[in-house]
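I have placed the structure first, in the form of structure tokens, so that the comments after it can refer back to it.
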Amino acid sequence: MNWLLVTAALACNPGDRLVDLRDKIPRGVNSLDLMVTVEPFYARFYIYQPGFPESIQHCCGSKRSSIIRVPVVDGRFCIRQSQPQMKWTVRALSRPDIQM
């Protein structure tokens with residue numbers, strides 16, 4: 001029963017898509033800069049950590065593309081789109097983390 005509660009807490013909101021990038025993100029990366037392109041230009045793209053919908057970030061308010069920085073916790077992200085038939089692409093920008 002406890003595993004069922006943990007799984008439910010770590011899932012995305014209904015209608016959102018889970019993207020697993022754990023194997024693609026190098027260890028030690030604390031944040032990613034993502035260049036997001038949407039079509040049509042008025043559509044919105046949302047990304048957040050699974051289980052933490054309050055950490056949601058959105059982009060592209062009336063712009064075709066935008067750059068957003070997302071924290072990397074475990075390499076999994078939930079993605080939501082504002083329009084059902086919209087097109088979007090996401091590219092990670094390579095930038096080493098600045099550590100102090």
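Here's how to read the names in the structure tokens: chain A, B, ... by the order shown, residue numbers from 1 in each chain, ligand numbers from 1 in the order shown.
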Excluding A:Cys12 and any residue of its chain fewer than 2 positions from it, enumerate the residues within 10 Å of it, using only C-alpha atoms, and give them as a PyMOL selection string.
chain A and resi 8-10+14-19+48-53+77-80
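Every residue of chain A found in alpha helix (DSSP H) when DSSP is run on the backbone appears here: Asn2, Trp3, Leu4, Leu5, Val6, Thr7, Ala8, Ala9 and Leu10 of chain A.
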Hey, what's within 6 Å of A:Arg64 if we count only C-alpha atoms and toss same-chain stuff fewer than 3 positions away? As number ranges by chain, please?
A: 37-38, 41
Write the selection just made, keeping C-alpha atoms, as an mmCIF file, in the first residue's frame?
```
data_model
loop_
_atom_site.group_PDB
_atom_site.id
_atom_site.type_symbol
_atom_site.label_atom_id
_atom_site.label_comp_id
_atom_site.auth_asym_id
_atom_site.auth_seq_id
_atom_site.Cartn_x
_atom_site.Cartn_y
_atom_site.Cartn_z
ATOM 1 C CA THR A 37 10.120 26.578 -29.548
ATOM 2 C CA VAL A 38 6.337 26.471 -29.895
ATOM 3 C CA PHE A 41 3.334 31.436 -31.214
#
```
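Restricting the calculation to only C-alpha atoms, the smallest distance between A:Arg76 and any of A:Leu93, A:Leu21, A:Ile47, A:Met35 is found for A:Leu21.
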Among A:Ser82, A:Lys87, A:Ala11, A:Val72, A:Phe45 is approached most closely, using only C-alpha atoms, by A:Ser82
All residues 8 Å or closer to A:Ser31, only C-alpha atoms, same chain fewer than 5 positions away omitted, as a CSV table (one decimal) with C-alpha atoms, in the first residue's frame:
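out.csv, freshly written:
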```csv
chain,number,residue,atom,x,y,z
A,69,ARG,CA,16.2,27.2,-16.6
A,70,VAL,CA,14.9,24.1,-14.8
A,71,PRO,CA,16.4,22.4,-11.8
A,72,VAL,CA,17.6,18.8,-12.2
A,97,ASP,CA,27.1,24.7,-14.0
```
Among chain A, which ones does DSSP assign to strand (DSSP E) (computed from the backbone)? Answer as number ranges by chain.
A: 17-20, 31-39, 45-49, 52-59, 65-71, 76-81, 87-93
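Comparing the minimum interatomic distances between A:Thr89 and each of A:Val36, A:Ser55, A:Asp74, A:Lys24, counting only C-alpha atoms, we find that A:Val36 sits nearest.
Reported to one decimal place, the separation of atom CA of A:Asn30 from atom CA of A:Ser94 is 12.5 Å.
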